[in-house]
Amino acid sequence: NYKRPAVLSAFPLEGSEQGGSLVTLTVEEDEGDASTPSRFMAGLFSFIATQTLPVPTLHVEVSCAGEEVKMQAASLKDTGRSVFEIKFAVPPCAAGVANYTLATSSGNVLLDMGGLKALQFTYQGTVVSSVTPTSGMTNPGSAGVDMSLFINNVQTAPATTPTVTLAGVACVVSLSTFTPDNRQLMLKARTPELAVALAGKVSIVVSGVVAGKDLAFQWMYLAPPAMFLEPES
């Protein structure tokens with residue numbers, strides 16, 4: 001009977017709902033003695049080396065809210081002095097907290113959780129956090145308004161330039177810049193000229209950042225003074 005390896009740390013604890021964050025679990029096995037051997041991790045190494053199964057031998061099973069359990073292959077590294085690192089990339093999940101367990105093709109790997117209540121990863125929703133300016137006159141004859149849109153919790157740069165609409169009408173996107181250090185995407189776009197009747201709160205919708213999900217934000221379309229209005233065609 002082997003003593004359970006103890007979890008020393010898990011990092012990071014949060015990331016984008018797009019998935020892809022590389023989590024590192026650091027575990028340590030007790031030195032043990034003749035009556036309570038501690039070679040669990042060494043045995044796991046041996047097990048992994050001899051298994052060739054369709055199911056990844058060492059993997060994590062991630063329980064996303066409202067979804068089926070997702071399996072992700074994991075790697076195991078001996079760093080010396082009975083300390084081991086287990087690494088895996090989290091799958092995409094809806095925003096919220098997901099529990100995960102470490103497992104092999106033969107079943108779950110039981111760990112001493114130490115100070116952790118559970119192995120968890122918090123998925124942060126990808127959102128349009130701000131738009132500057134927050135309002136503007138984009139009436140016929142205005143030539144539109146140049147905007148900067150800031151989108152938070154983006155894991156990777158989009159493969160193609162995202163699209164932006166204002167009140168359902170396409171904006172011209174001139175720049176898309178991703179900053180991996182803070183997981184932020186910045187877009188520069190110019191608003192279309194809209195009928196004055198639409199003045200007030202209108203929706204900005206960004207597509208192409210998160211697969212299958214549109215990102216919305218409210219923007220204030222300011223009606224110009226009547227003396228500046230041009231006749232609408």
# chains A, B, ... in the order shown; residues from 1 in each chain; ligands from 1
>>> closest_atom_pairs(of="stretch 129-157 of chain A", to="stretch 216-220 of chain A", cutoff="7 Å", atoms="only C-alpha atoms", output="JSON lines")
{"residue": "A:Thr134", "atom": "CA", "partner": "A:Trp219", "partner_atom": "CA", "distance": 6.0}
{"residue": "A:Ser135", "atom": "CA", "partner": "A:Met220", "partner_atom": "CA", "distance": 4.5}
{"residue": "A:Gly136", "atom": "CA", "partner": "A:Met220", "partner_atom": "CA", "distance": 6.7}
>>> residues_around(residues="A:Val173", least_positions_apart="3", cutoff="10 Å", atoms="only C-alpha atoms", output="PDB file with N, CA and C atoms, in the first residue's frame")
ATOM      1  N   ASP A 146     -14.103  56.589 -35.255  1.00  0.00           N
ATOM      2  CA  ASP A 146     -13.031  55.620 -35.029  1.00  0.00           C
ATOM      3  C   ASP A 146     -13.076  55.138 -33.580  1.00  0.00           C
ATOM      4  N   MET A 147     -13.162  53.813 -33.396  1.00  0.00           N
ATOM      5  CA  MET A 147     -13.273  53.224 -32.061  1.00  0.00           C
ATOM      6  C   MET A 147     -12.096  52.287 -31.798  1.00  0.00           C
ATOM      7  N   SER A 148     -11.783  52.134 -30.514  1.00  0.00           N
ATOM      8  CA  SER A 148     -10.869  51.095 -30.046  1.00  0.00           C
ATOM      9  C   SER A 148     -11.658  50.177 -29.128  1.00  0.00           C
ATOM     10  N   THR A 161      -9.102  38.133 -38.888  1.00  0.00           N
ATOM     11  CA  THR A 161      -9.553  39.359 -38.237  1.00  0.00           C
ATOM     12  C   THR A 161     -11.020  39.249 -37.844  1.00  0.00           C
ATOM     13  N   PRO A 162     -11.363  39.498 -36.574  1.00  0.00           N
ATOM     14  CA  PRO A 162     -12.766  39.441 -36.160  1.00  0.00           C
ATOM     15  C   PRO A 162     -13.608  40.483 -36.892  1.00  0.00           C
ATOM     16  N   THR A 163     -14.907  40.241 -36.924  1.00  0.00           N
ATOM     17  CA  THR A 163     -15.843  41.202 -37.505  1.00  0.00           C
ATOM     18  C   THR A 163     -16.538  41.974 -36.393  1.00  0.00           C
ATOM     19  N   VAL A 164     -16.894  43.211 -36.700  1.00  0.00           N
ATOM     20  CA  VAL A 164     -17.573  44.078 -35.737  1.00  0.00           C
ATOM     21  C   VAL A 164     -18.778  44.699 -36.427  1.00  0.00           C
ATOM     22  N   THR A 165     -19.919  44.684 -35.749  1.00  0.00           N
ATOM     23  CA  THR A 165     -21.102  45.364 -36.272  1.00  0.00           C
ATOM     24  C   THR A 165     -21.617  46.356 -35.234  1.00  0.00           C
ATOM     25  N   ALA A 170     -22.134  46.467 -40.571  1.00  0.00           N
ATOM     26  CA  ALA A 170     -20.709  46.179 -40.458  1.00  0.00           C
ATOM     27  C   ALA A 170     -19.882  47.436 -40.254  1.00  0.00           C
ATOM     28  N   SER A 176      -6.052  44.581 -35.646  1.00  0.00           N
ATOM     29  CA  SER A 176      -6.322  43.574 -34.617  1.00  0.00           C
ATOM     30  C   SER A 176      -4.994  43.228 -33.968  1.00  0.00           C
ATOM     31  N   LEU A 187      -9.015  45.864 -30.932  1.00  0.00           N
ATOM     32  CA  LEU A 187      -9.451  46.076 -32.309  1.00  0.00           C
ATOM     33  C   LEU A 187      -9.660  47.563 -32.548  1.00  0.00           C
ATOM     34  N   LYS A 188      -9.303  48.010 -33.736  1.00  0.00           N
ATOM     35  CA  LYS A 188      -9.638  49.367 -34.157  1.00  0.00           C
ATOM     36  C   LYS A 188     -10.638  49.258 -35.300  1.00  0.00           C
ATOM     37  N   ALA A 189     -11.728  50.003 -35.182  1.00  0.00           N
ATOM     38  CA  ALA A 189     -12.790  49.912 -36.180  1.00  0.00           C
ATOM     39  C   ALA A 189     -13.448  51.278 -36.352  1.00  0.00           C
ATOM     40  N   ARG A 190     -14.010  51.484 -37.513  1.00  0.00           N
ATOM     41  CA  ARG A 190     -14.770  52.719 -37.770  1.00  0.00           C
ATOM     42  C   ARG A 190     -16.231  52.356 -37.936  1.00  0.00           C
ATOM     43  N   THR A 191     -17.082  53.114 -37.259  1.00  0.00           N
ATOM     44  CA  THR A 191     -18.518  52.848 -37.308  1.00  0.00           C
ATOM     45  C   THR A 191     -19.094  53.220 -38.661  1.00  0.00           C
TER      46      THR A 191
END
>>> residues_around(residues="A:Val7", least_positions_apart="5", cutoff="12 Å", atoms="only C-alpha atoms", output="CSV table (one decimal) with N, CA and C atoms, in the first residue's frame")
chain,number,residue,atom,x,y,z
A,24,THR,N,0.3,23.3,-14.4
A,24,THR,CA,1.3,22.4,-13.8
A,24,THR,C,0.9,22.0,-12.4
A,25,LEU,N,0.8,20.7,-12.2
A,25,LEU,CA,0.6,20.2,-10.8
A,25,LEU,C,2.0,19.8,-10.3
A,26,THR,N,2.3,20.3,-9.1
A,26,THR,CA,3.6,19.8,-8.5
A,26,THR,C,3.2,18.9,-7.3
A,27,VAL,N,3.7,17.7,-7.4
A,27,VAL,CA,3.3,16.7,-6.3
A,27,VAL,C,4.6,16.2,-5.7
A,28,GLU,N,4.5,15.8,-4.5
A,28,GLU,CA,5.6,15.2,-3.7
A,28,GLU,C,5.2,13.9,-3.1
A,29,GLU,N,6.1,12.9,-3.2
A,29,GLU,CA,5.7,11.7,-2.4
A,29,GLU,C,6.6,11.6,-1.2
A,30,ASP,N,5.9,11.0,-0.2
A,30,ASP,CA,6.6,10.9,1.1
A,30,ASP,C,7.7,9.9,1.0
A,83,VAL,N,10.0,15.0,-6.0
A,83,VAL,CA,9.0,16.0,-6.5
A,83,VAL,C,8.8,15.8,-8.0
A,84,PHE,N,7.5,15.8,-8.3
A,84,PHE,CA,7.2,15.5,-9.7
A,84,PHE,C,6.2,16.6,-10.3
A,85,GLU,N,6.3,16.8,-11.6
A,85,GLU,CA,5.5,17.8,-12.2
A,85,GLU,C,4.6,17.1,-13.2
A,86,ILE,N,3.3,17.4,-13.1
A,86,ILE,CA,2.3,16.8,-14.1
A,86,ILE,C,1.7,18.0,-14.8
A,102,LEU,N,-7.0,13.5,-11.8
A,102,LEU,CA,-5.9,12.9,-12.4
A,102,LEU,C,-6.2,11.4,-12.5
A,109,VAL,N,-6.2,8.5,-10.1
A,109,VAL,CA,-5.0,8.6,-9.3
A,109,VAL,C,-5.4,9.4,-8.0
A,110,LEU,N,-5.3,8.8,-6.9
A,110,LEU,CA,-5.7,9.4,-5.7
A,110,LEU,C,-4.5,10.2,-5.1
A,111,LEU,N,-4.7,11.5,-4.8
A,111,LEU,CA,-3.7,12.4,-4.3
A,111,LEU,C,-4.1,12.9,-2.9
A,112,ASP,N,-3.1,13.2,-2.1
A,112,ASP,CA,-3.3,13.9,-0.9
A,112,ASP,C,-3.4,15.4,-1.2
A,113,MET,N,-4.5,16.0,-1.0
A,113,MET,CA,-4.8,17.4,-1.5
A,113,MET,C,-4.1,18.4,-0.7
A,114,GLY,N,-3.5,18.1,0.4
A,114,GLY,CA,-2.8,19.1,1.2
A,114,GLY,C,-3.8,20.2,1.6
A,115,GLY,N,-3.4,21.5,1.2
A,115,GLY,CA,-4.3,22.6,1.6
A,115,GLY,C,-5.4,22.9,0.6
A,116,LEU,N,-5.4,22.1,-0.5
A,116,LEU,CA,-6.5,22.3,-1.5
A,116,LEU,C,-7.7,21.4,-1.2
A,117,LYS,N,-8.9,22.0,-1.4
A,117,LYS,CA,-10.1,21.2,-1.2
A,117,LYS,C,-10.4,20.3,-2.4
A,118,ALA,N,-10.0,20.8,-3.6
A,118,ALA,CA,-10.2,20.0,-4.8
A,118,ALA,C,-9.3,20.6,-5.9
A,119,LEU,N,-9.1,19.8,-7.0
A,119,LEU,CA,-8.4,20.3,-8.1
A,119,LEU,C,-9.4,21.0,-9.0
>>> select_by_dssp(residues="stretch 51-219 of chain A", states="strand (DSSP E or B)", output="ChimeraX atom specification")
/A:58-63,70-73,75-80,83-89,96-104,107-108,112,120-124,127-132,135-136,146-152,163-166,169-170,172-179,184-190,200-210,213-219
>>> residues_around(residues="A:Ala167", least_positions_apart="2", cutoff="6 Å", atoms="only C-alpha atoms", output="NGL selection string")
:A and (169 or 202-203)
>>> decode(residues="stretch 117-210 of chain A", atoms="C-alpha atoms", output="mmCIF file, in the first residue's frame")
data_model
loop_
_atom_site.group_PDB
_atom_site.id
_atom_site.type_symbol
_atom_site.label_atom_id
_atom_site.label_comp_id
_atom_site.auth_asym_id
_atom_site.auth_seq_id
_atom_site.Cartn_x
_atom_site.Cartn_y
_atom_site.Cartn_z
ATOM 1 C CA LYS A 117 -10.087 21.226 -1.204
ATOM 2 C CA ALA A 118 -10.210 20.034 -4.809
ATOM 3 C CA LEU A 119 -8.400 20.303 -8.123
ATOM 4 C CA GLN A 120 -10.203 23.151 -9.826
ATOM 5 C CA PHE A 121 -9.733 25.551 -12.715
ATOM 6 C CA THR A 122 -11.728 28.777 -13.094
ATOM 7 C CA TYR A 123 -12.701 29.640 -16.649
ATOM 8 C CA GLN A 124 -13.047 33.356 -17.289
ATOM 9 C CA GLY A 125 -15.518 34.502 -19.924
ATOM 10 C CA THR A 126 -14.136 36.331 -22.946
ATOM 11 C CA VAL A 127 -15.772 39.775 -22.945
ATOM 12 C CA VAL A 128 -15.588 43.195 -24.540
ATOM 13 C CA SER A 129 -14.365 45.081 -21.477
ATOM 14 C CA SER A 130 -14.399 48.607 -22.889
ATOM 15 C CA VAL A 131 -14.826 50.701 -26.008
ATOM 16 C CA THR A 132 -13.385 54.162 -26.567
ATOM 17 C CA PRO A 133 -14.907 56.551 -27.185
ATOM 18 C CA THR A 134 -17.998 55.427 -25.298
ATOM 19 C CA SER A 135 -20.281 57.478 -27.557
ATOM 20 C CA GLY A 136 -20.270 59.439 -30.788
ATOM 21 C CA MET A 137 -22.211 60.910 -33.693
ATOM 22 C CA THR A 138 -22.304 58.413 -36.523
ATOM 23 C CA ASN A 139 -25.168 59.919 -38.502
ATOM 24 C CA PRO A 140 -25.252 60.248 -42.314
ATOM 25 C CA GLY A 141 -22.527 62.621 -43.437
ATOM 26 C CA SER A 142 -20.394 62.059 -40.318
ATOM 27 C CA ALA A 143 -17.947 59.624 -41.987
ATOM 28 C CA GLY A 144 -18.275 57.425 -38.911
ATOM 29 C CA VAL A 145 -16.404 57.265 -35.596
ATOM 30 C CA ASP A 146 -13.031 55.620 -35.029
ATOM 31 C CA MET A 147 -13.273 53.224 -32.061
ATOM 32 C CA SER A 148 -10.869 51.095 -30.046
ATOM 33 C CA LEU A 149 -12.361 47.900 -28.618
ATOM 34 C CA PHE A 150 -10.647 45.979 -25.799
ATOM 35 C CA ILE A 151 -11.487 42.286 -25.360
ATOM 36 C CA ASN A 152 -10.313 40.472 -22.221
ATOM 37 C CA ASN A 153 -9.600 36.809 -21.450
ATOM 38 C CA VAL A 154 -8.476 35.870 -24.945
ATOM 39 C CA GLN A 155 -6.201 32.820 -25.015
ATOM 40 C CA THR A 156 -4.742 33.136 -28.514
ATOM 41 C CA ALA A 157 -4.843 35.565 -31.415
ATOM 42 C CA PRO A 158 -7.759 34.883 -33.774
ATOM 43 C CA ALA A 159 -6.756 33.123 -36.991
ATOM 44 C CA THR A 160 -8.585 35.775 -39.014
ATOM 45 C CA THR A 161 -9.553 39.359 -38.237
ATOM 46 C CA PRO A 162 -12.766 39.441 -36.160
ATOM 47 C CA THR A 163 -15.843 41.202 -37.505
ATOM 48 C CA VAL A 164 -17.573 44.078 -35.737
ATOM 49 C CA THR A 165 -21.102 45.364 -36.272
ATOM 50 C CA LEU A 166 -22.948 48.363 -34.855
ATOM 51 C CA ALA A 167 -26.744 48.078 -34.763
ATOM 52 C CA GLY A 168 -26.353 45.140 -37.149
ATOM 53 C CA VAL A 169 -24.334 47.101 -39.733
ATOM 54 C CA ALA A 170 -20.709 46.179 -40.458
ATOM 55 C CA CYS A 171 -17.895 48.368 -39.162
ATOM 56 C CA VAL A 172 -14.574 48.643 -40.975
ATOM 57 C CA VAL A 173 -11.930 46.851 -38.867
ATOM 58 C CA SER A 174 -8.473 48.283 -39.567
ATOM 59 C CA LEU A 175 -6.347 46.664 -36.841
ATOM 60 C CA SER A 176 -6.322 43.574 -34.617
ATOM 61 C CA THR A 177 -3.597 43.339 -31.960
ATOM 62 C CA PHE A 178 -3.242 40.511 -29.418
ATOM 63 C CA THR A 179 -1.181 40.926 -26.230
ATOM 64 C CA PRO A 180 -0.489 37.464 -24.742
ATOM 65 C CA ASP A 181 0.910 38.765 -21.427
ATOM 66 C CA ASN A 182 -2.488 40.064 -20.328
ATOM 67 C CA ARG A 183 -4.611 37.948 -22.710
ATOM 68 C CA GLN A 184 -6.148 41.019 -24.316
ATOM 69 C CA LEU A 185 -7.210 41.666 -27.892
ATOM 70 C CA MET A 186 -7.487 45.231 -29.174
ATOM 71 C CA LEU A 187 -9.451 46.076 -32.309
ATOM 72 C CA LYS A 188 -9.638 49.367 -34.157
ATOM 73 C CA ALA A 189 -12.790 49.912 -36.180
ATOM 74 C CA ARG A 190 -14.770 52.719 -37.770
ATOM 75 C CA THR A 191 -18.518 52.848 -37.308
ATOM 76 C CA PRO A 192 -20.886 52.947 -40.269
ATOM 77 C CA GLU A 193 -23.154 55.911 -40.863
ATOM 78 C CA LEU A 194 -26.516 55.079 -39.317
ATOM 79 C CA ALA A 195 -29.970 56.567 -39.642
ATOM 80 C CA VAL A 196 -30.624 59.243 -37.011
ATOM 81 C CA ALA A 197 -33.722 57.291 -35.976
ATOM 82 C CA LEU A 198 -31.349 54.729 -34.414
ATOM 83 C CA ALA A 199 -29.752 57.296 -32.081
ATOM 84 C CA GLY A 200 -29.504 56.089 -28.486
ATOM 85 C CA LYS A 201 -28.078 52.860 -27.092
ATOM 86 C CA VAL A 202 -27.012 50.477 -29.850
ATOM 87 C CA SER A 203 -25.265 47.131 -29.727
ATOM 88 C CA ILE A 204 -21.715 46.465 -30.803
ATOM 89 C CA VAL A 205 -21.247 42.780 -31.660
ATOM 90 C CA VAL A 206 -17.823 41.194 -32.162
ATOM 91 C CA SER A 207 -17.628 37.809 -33.893
ATOM 92 C CA GLY A 208 -14.688 35.535 -34.609
ATOM 93 C CA VAL A 209 -12.882 35.705 -31.262
ATOM 94 C CA VAL A 210 -14.515 32.737 -29.489
#
